[in-house]
$ cat model11.tsv   # TSV, C-alpha atoms and all ligand atoms
chain	number	residue	atom	x	y	z
A	3	MET	CA	-20.70	-22.99	-13.22
A	4	SER	CA	-17.03	-22.38	-13.58
A	5	ILE	CA	-14.14	-21.34	-11.41
A	6	LEU	CA	-12.75	-17.91	-12.23
A	7	ASP	CA	-9.18	-16.69	-11.88
A	8	ILE	CA	-8.66	-14.40	-8.90
A	9	ARG	CA	-6.72	-11.15	-9.39
A	10	VAL	CA	-4.10	-10.54	-6.74
A	11	LEU	CA	-2.49	-7.40	-5.30
A	12	GLY	CA	-0.68	-5.55	-8.09
A	13	ASP	CA	-3.50	-5.92	-10.62
A	14	PRO	CA	-4.71	-2.36	-11.32
A	15	LEU	CA	-8.33	-3.57	-11.47
A	16	LEU	CA	-8.28	-4.07	-7.69
A	17	ARG	CA	-7.71	-0.32	-7.30
A	18	GLN	CA	-10.51	0.88	-9.56
A	19	ALA	CA	-13.96	1.96	-8.43
A	20	THR	CA	-16.76	-0.19	-9.83
A	21	THR	CA	-19.78	0.81	-11.91
A	22	PRO	CA	-23.33	0.53	-10.48
A	23	VAL	CA	-25.46	-2.18	-12.06
A	24	THR	CA	-28.69	-1.03	-13.77
A	25	GLY	CA	-30.33	-4.43	-14.12
A	26	VAL	CA	-29.56	-8.13	-13.79
A	27	THR	CA	-29.00	-10.05	-17.01
A	28	ASP	CA	-28.54	-13.81	-17.46
A	29	GLU	CA	-24.85	-13.08	-17.92
A	30	LEU	CA	-24.65	-11.33	-14.52
A	31	ARG	CA	-26.57	-14.20	-12.86
A	32	ARG	CA	-23.99	-16.56	-14.33
A	33	LEU	CA	-21.19	-14.31	-13.04
A	34	ILE	CA	-22.70	-14.40	-9.52
A	35	ALA	CA	-22.99	-18.22	-9.64
A	36	ASP	CA	-19.37	-18.44	-10.83
A	37	MET	CA	-18.29	-16.10	-8.03
A	38	PHE	CA	-19.86	-18.43	-5.43
A	39	ASP	CA	-18.20	-21.42	-7.08
A	40	THR	CA	-14.83	-19.64	-7.10
A	41	MET	CA	-15.18	-18.47	-3.48
A	42	HIS	CA	-16.05	-22.00	-2.30
A	43	HIS	CA	-13.06	-23.53	-4.10
A	44	ALA	CA	-10.75	-20.87	-2.67
A	45	ARG	CA	-12.22	-21.46	0.82
A	46	GLY	CA	-13.21	-17.82	1.12
A	47	ILE	CA	-16.18	-16.19	2.87
A	48	GLY	CA	-16.57	-13.19	0.59
A	49	LEU	CA	-15.70	-12.11	-2.94
A	50	ALA	CA	-16.12	-8.92	-4.97
A	51	ALA	CA	-16.37	-8.54	-8.75
A	52	PRO	CA	-13.00	-6.75	-9.22
A	53	GLN	CA	-11.30	-9.80	-7.68
A	54	VAL	CA	-12.45	-11.84	-10.68
A	55	GLY	CA	-11.61	-9.17	-13.23
A	56	ARG	CA	-15.00	-7.45	-13.45
A	57	THR	CA	-16.01	-3.82	-13.00
A	58	GLU	CA	-19.63	-4.21	-11.85
A	59	ARG	CA	-20.66	-3.16	-8.32
A	60	ILE	CA	-21.37	-6.73	-7.18
A	61	ALA	CA	-20.10	-8.65	-4.14
A	62	ILE	CA	-21.03	-11.84	-2.34
A	63	VAL	CA	-20.68	-12.96	1.28
A	64	GLU	CA	-21.21	-16.38	2.80
A	65	VAL	CA	-20.63	-16.82	6.51
A	66	ASP	CA	-22.19	-19.88	8.14
A	67	ASP	CA	-25.84	-19.81	6.99
A	68	GLU	CA	-25.79	-16.14	5.97
A	69	ARG	CA	-25.58	-16.01	2.15
A	70	LEU	CA	-25.69	-12.55	0.61
A	71	VAL	CA	-25.67	-11.31	-2.96
A	72	MET	CA	-25.00	-7.58	-2.83
A	73	ILE	CA	-25.59	-5.57	-5.98
A	74	ASN	CA	-24.93	-1.81	-5.62
A	75	PRO	CA	-24.50	-2.13	-1.83
A	76	GLU	CA	-24.29	0.90	0.42
A	77	ILE	CA	-23.82	1.17	4.14
A	78	VAL	CA	-26.68	3.14	5.67
A	79	LYS	CA	-25.78	2.87	9.36
A	80	GLN	CA	-22.80	1.72	11.40
A	81	GLU	CA	-22.18	1.35	15.13
A	82	GLY	CA	-19.35	0.45	17.48
A	83	ARG	CA	-15.80	-0.59	16.67
A	84	ALA	CA	-14.20	-4.03	16.67
A	85	LYS	CA	-10.73	-5.28	15.80
A	86	ALA	CA	-10.03	-8.73	14.32
A	87	GLU	CA	-7.61	-10.47	12.01
A	88	GLU	CA	-8.42	-10.32	8.30
A	89	GLY	CA	-7.14	-11.88	5.14
A	90	CYS	CA	-8.08	-11.47	1.49
A	91	LEU	CA	-8.33	-13.93	-1.41
A	92	SER	CA	-6.46	-11.31	-3.47
A	93	ILE	CA	-3.56	-11.08	-0.98
A	94	PRO	CA	-3.00	-14.77	-0.13
A	95	ASP	CA	-1.13	-15.66	3.07
A	96	ILE	CA	-1.10	-12.10	4.43
A	97	TYR	CA	-3.12	-11.47	7.58
A	98	ALA	CA	-3.44	-8.47	9.88
A	99	ASP	CA	-5.72	-6.95	12.50
A	100	VAL	CA	-8.17	-4.42	11.09
A	101	GLU	CA	-10.56	-2.20	13.05
A	102	ARG	CA	-14.03	-1.83	11.55
A	103	SER	CA	-17.59	-1.03	12.61
A	104	LYS	CA	-18.95	-3.77	14.87
A	105	SER	CA	-22.47	-3.63	13.49
A	106	MET	CA	-24.01	-2.06	10.44
A	107	VAL	CA	-26.97	-1.88	8.13
A	108	VAL	CA	-26.40	-2.42	4.42
A	109	ARG	CA	-28.83	-1.65	1.61
A	110	ALA	CA	-28.38	-3.59	-1.64
A	111	ARG	CA	-30.16	-5.55	-4.36
A	112	ASP	CA	-30.22	-9.33	-4.68
A	113	GLU	CA	-29.75	-11.48	-7.80
A	114	ARG	CA	-33.39	-10.73	-8.84
A	115	PHE	CA	-32.49	-7.03	-8.51
A	116	GLU	CA	-34.87	-6.65	-5.58
A	117	ALA	CA	-33.86	-4.11	-2.96
A	118	TYR	CA	-33.28	-5.27	0.63
A	119	GLU	CA	-31.76	-4.03	3.85
A	120	ILE	CA	-29.99	-6.21	6.37
A	121	GLU	CA	-28.48	-5.57	9.77
A	122	ALA	CA	-25.23	-7.42	10.45
A	123	THR	CA	-22.80	-7.73	13.34
A	124	ASP	CA	-19.31	-9.12	14.00
A	125	LEU	CA	-17.90	-11.39	11.26
A	126	VAL	CA	-20.75	-10.84	8.77
A	127	ALA	CA	-20.52	-7.06	9.28
A	128	ARG	CA	-16.73	-7.21	8.88
A	129	CYS	CA	-17.04	-9.26	5.72
A	130	ILE	CA	-19.61	-6.89	4.17
A	131	GLN	CA	-17.40	-3.88	4.92
A	132	HIS	CA	-14.36	-5.65	3.42
A	133	GLU	CA	-16.27	-6.48	0.22
A	134	ILE	CA	-17.75	-2.99	-0.18
A	135	ASP	CA	-14.20	-1.65	0.17
A	136	HIS	CA	-13.22	-3.85	-2.80
A	137	LEU	CA	-15.97	-2.19	-4.83
A	138	ASP	CA	-14.33	1.17	-4.05
A	139	GLY	CA	-10.82	0.00	-4.93
A	140	LYS	CA	-9.78	-0.31	-1.30
A	141	LEU	CA	-7.91	-3.24	0.33
A	142	PHE	CA	-7.53	-4.24	3.98
A	143	VAL	CA	-3.80	-3.48	3.97
A	144	ASP	CA	-4.71	0.20	3.44
A	145	TYR	CA	-5.89	0.34	7.07
A	146	LEU	CA	-2.59	-0.79	8.55
A	147	SER	CA	-0.09	1.53	10.21
A	148	VAL	CA	2.93	2.41	8.03
A	149	LEU	CA	5.06	-0.06	9.99
A	150	LYS	CA	2.61	-2.96	9.72
A	151	ARG	CA	1.80	-2.21	6.08
A	152	THR	CA	5.49	-2.15	5.19
A	153	ALA	CA	5.96	-5.53	6.89
A	154	ALA	CA	2.89	-7.00	5.16
A	155	LEU	CA	3.98	-5.72	1.74
A	156	ALA	CA	7.53	-7.05	2.26
A	157	LYS	CA	6.04	-10.49	2.97
A	158	TRP	CA	3.76	-10.15	-0.07
A	159	LYS	CA	6.79	-9.32	-2.24
A	160	LEU	CA	8.11	-12.80	-1.46
A	161	GLU	CA	4.72	-14.39	-2.25
A	162	GLN	CA	3.73	-12.54	-5.40
A	163	GLY	CA	6.07	-14.50	-7.69
A	164	LYS	CA	3.64	-17.42	-7.29
A	165	TYR	CA	1.05	-15.42	-9.22
A	166	PRO	CA	2.39	-14.49	-12.69
A	167	GLY	CA	0.38	-11.70	-14.31
A	168	HIS	CA	-1.30	-11.05	-10.92
A	169	ILE	CA	-3.49	-14.13	-11.49
A	170	ARG	CA	-4.32	-16.74	-8.85
A	171	ARG	CA	-5.56	-19.90	-10.55
A	172	VAL	CA	-7.84	-21.35	-7.91
A	173	SER	CA	-8.69	-24.45	-9.93
A	174	LEU	CA	-5.06	-25.58	-9.90
A	175	GLU	CA	-4.73	-25.49	-6.13
A	176	THR	CA	-4.82	-28.97	-4.67
A	177	PRO	CA	-6.58	-29.86	-1.42
A	178	GLU	CA	-3.13	-30.67	0.04
A	179	GLU	CA	-1.95	-27.14	-0.61
A	180	LEU	CA	-5.15	-25.70	0.81
A	181	SER	CA	-4.90	-27.62	4.06
A	182	GLU	CA	-1.55	-25.98	4.78
A	183	HIS	CA	-3.24	-22.60	5.09
A	184	GLU	CA	-4.46	-22.38	8.63
A	185	HIS	CA	-6.33	-19.09	8.20
A	186	LEU	CA	-8.08	-19.88	4.93
A	187	ASN	CA	-11.57	-19.57	6.32
A	188	GLU	CA	-10.91	-15.93	7.05
A	189	GLU	CA	-10.01	-14.83	3.53
A	190	LEU	CA	-12.54	-12.45	2.06
B	201	NI	NI	-10.70	-9.33	-0.07

$ encode --input "model11.tsv" --output "structure tokens" --more "lines below"
Ligand code: NI
Amino acid sequence: MSILDIRVLGDPLLRQATTPVTGVTDELRRLIADMFDTMHHARGIGLAAPQVGRTERIAIVEVDDERLVMINPEIVKQEGRAKAEEGCLSIPDIYADVERSKSMVVRARDERFEAYEIEATDLVARCIQHEIDHLDGKLFVDYLSVLKRTAALAKWKLEQGKYPGHIRRVSLETPEELSEHEHLNEEL
């Protein structure tokens, strides 16, 4: 397995819609394993293919003991609303409250390309919605009010110089640096 570079806000790939996957190859299985490796090193709980420079409709989520590989995911049902603070591995150090469905049912395929449906609530549901948004070129800052989005983007403007070429090199981050980020477990 290897750790992949993460694309950050400003990379046009994060704004593109992804392409449905027609079958799982060894190369895609390797990509999925690398995505888990990358997400673990970055202390994230979710990651989508565009964040690592890929255009396939693939995302992963890992919250506590819930580990999901979602190929071609689609939301088939959603219920209730809930607001909570969110971050994103592609917009480091920016956090904001986002309102999403409280519970939902997602239909997807796993790494063997077998179809499944799962019902999720709270953090897992939030994470799945965040990752599916990535697959549609959407980011959590898009949900903010003009005022809050302007403030978040102004803060990001000060941060983005740390990521030349819109690349976040996860492997170069030291544990010391990581421990300074108090919200890291909430980046998706
Ligand atoms: Ni994200």

$ atom_distance --input "model11.tsv" --atom1 "CA of Asp144 (chain A)" --atom2 "CA of Arg17 (chain A)"
11.2 Å

$ closest_atom_pairs --input "model11.tsv" --of "chain A" --to "ligand NI 201 (chain B)" --cutoff "8 Å" --atoms "all atoms listed in the file" --output "CSV"
residue,atom,partner,partner_atom,distance
A:Gly48,CA,B:NI201,NI,7.1
A:Leu49,CA,B:NI201,NI,6.4
A:Ala50,CA,B:NI201,NI,7.3
A:Gln53,CA,B:NI201,NI,7.6
A:Gly89,CA,B:NI201,NI,6.8
A:Cys90,CA,B:NI201,NI,3.7
A:Leu91,CA,B:NI201,NI,5.3
A:Ser92,CA,B:NI201,NI,5.8
A:Ile93,CA,B:NI201,NI,7.4
A:His132,CA,B:NI201,NI,6.3
A:Glu133,CA,B:NI201,NI,6.3
A:His136,CA,B:NI201,NI,6.6
A:Leu141,CA,B:NI201,NI,6.7
A:Phe142,CA,B:NI201,NI,7.2
A:Glu189,CA,B:NI201,NI,6.6
A:Leu190,CA,B:NI201,NI,4.2

$ closest_atom_pairs --input "model11.tsv" --of "region 25-120 of chain A" --to "region 161-164 of chain A" --cutoff "10 Å" --atoms "only C-alpha atoms" --output "Markdown table"
| residue | atom | partner | partner_atom | distance |
| --- | --- | --- | --- | --- |
| A:Ile93 | CA | A:Gln162 | CA | 8.6 |
| A:Pro94 | CA | A:Glu161 | CA | 8.0 |
| A:Asp95 | CA | A:Glu161 | CA | 8.0 |
| A:Ile96 | CA | A:Glu161 | CA | 9.2 |

$ residues_near_point --input "model11.tsv" --point "(-21.6, 2.6, 10.5)" --cutoff "6 Å" --atoms "only C-alpha atoms" --output "PyMOL selection string"
chain A and resi 79-81+103+106

$ atom_distance --input "model11.tsv" --atom1 "CA of Arg151 (chain A)" --atom2 "CA of Gly167 (chain A)"
22.5 Å

$ closest_residue --input "model11.tsv" --among "A:Ala84, A:Val143, A:Ala117, A:Met41" --to "Val65 (chain A)" --atoms "only C-alpha atoms"
A:Met41

$ atom_distance --input "model11.tsv" --atom1 "CA of Glu116 (chain A)" --atom2 "CA of Val26 (chain A)"
9.9 Å

$ closest_residue --input "model11.tsv" --among "A:Ile169, A:Ala35, A:Ile120, A:Met72" --to "Val10 (chain A)" --atoms "only C-alpha atoms"
A:Ile169

$ closest_residue --input "model11.tsv" --among "A:Pro166, A:Gly82, A:Pro22, A:Gly139" --to "Arg102 (chain A)" --atoms "all atoms listed in the file"
A:Gly82

$ residues_around --input "model11.tsv" --residues "Arg128 (chain A)" --least-positions-apart "2" --cutoff "9 Å" --atoms "all atoms listed in the file" --output "short mmCIF file (atom, residue, chain, number, x, y, z; two decimals) with C-alpha atoms, in the coordinates of the input"
data_model
loop_
_atom_site.label_atom_id
_atom_site.label_comp_id
_atom_site.auth_asym_id
_atom_site.auth_seq_id
_atom_site.Cartn_x
_atom_site.Cartn_y
_atom_site.Cartn_z
CA ALA A 84 -14.20 -4.03 16.67
CA ALA A 86 -10.03 -8.73 14.32
CA GLU A 88 -8.42 -10.32 8.30
CA GLU A 101 -10.56 -2.20 13.05
CA ARG A 102 -14.03 -1.83 11.55
CA SER A 103 -17.59 -1.03 12.61
CA LYS A 104 -18.95 -3.77 14.87
CA SER A 105 -22.47 -3.63 13.49
CA ALA A 122 -25.23 -7.42 10.45
CA THR A 123 -22.80 -7.73 13.34
CA ASP A 124 -19.31 -9.12 14.00
CA LEU A 125 -17.90 -11.39 11.26
CA VAL A 126 -20.75 -10.84 8.77
CA ILE A 130 -19.61 -6.89 4.17
CA GLN A 131 -17.40 -3.88 4.92
CA HIS A 132 -14.36 -5.65 3.42
CA GLU A 133 -16.27 -6.48 0.22
#

$ closest_residue --input "model11.tsv" --among "A:Ile134, A:Cys129, A:Ala61, A:Leu146" --to "Val100 (chain A)" --atoms "only C-alpha atoms"
A:Leu146

$ closest_residue --input "model11.tsv" --among "A:Glu64, A:Glu29, A:Glu113, A:Asp99" --to "His42 (chain A)" --atoms "all atoms listed in the file"
A:Glu64

$ residues_near_point --input "model11.tsv" --point "(-26.1, -12.4, -13.8)" --cutoff "12 Å" --atoms "all atoms listed in the file" --output "ChimeraX atom specification"
/A:3,23-37,51,58,60-61,71,73,112-115

$ closest_residue --input "model11.tsv" --among "A:Glu87, A:Tyr145, A:Val54, A:Glu119" --to "Leu70 (chain A)" --atoms "only C-alpha atoms"
A:Glu119
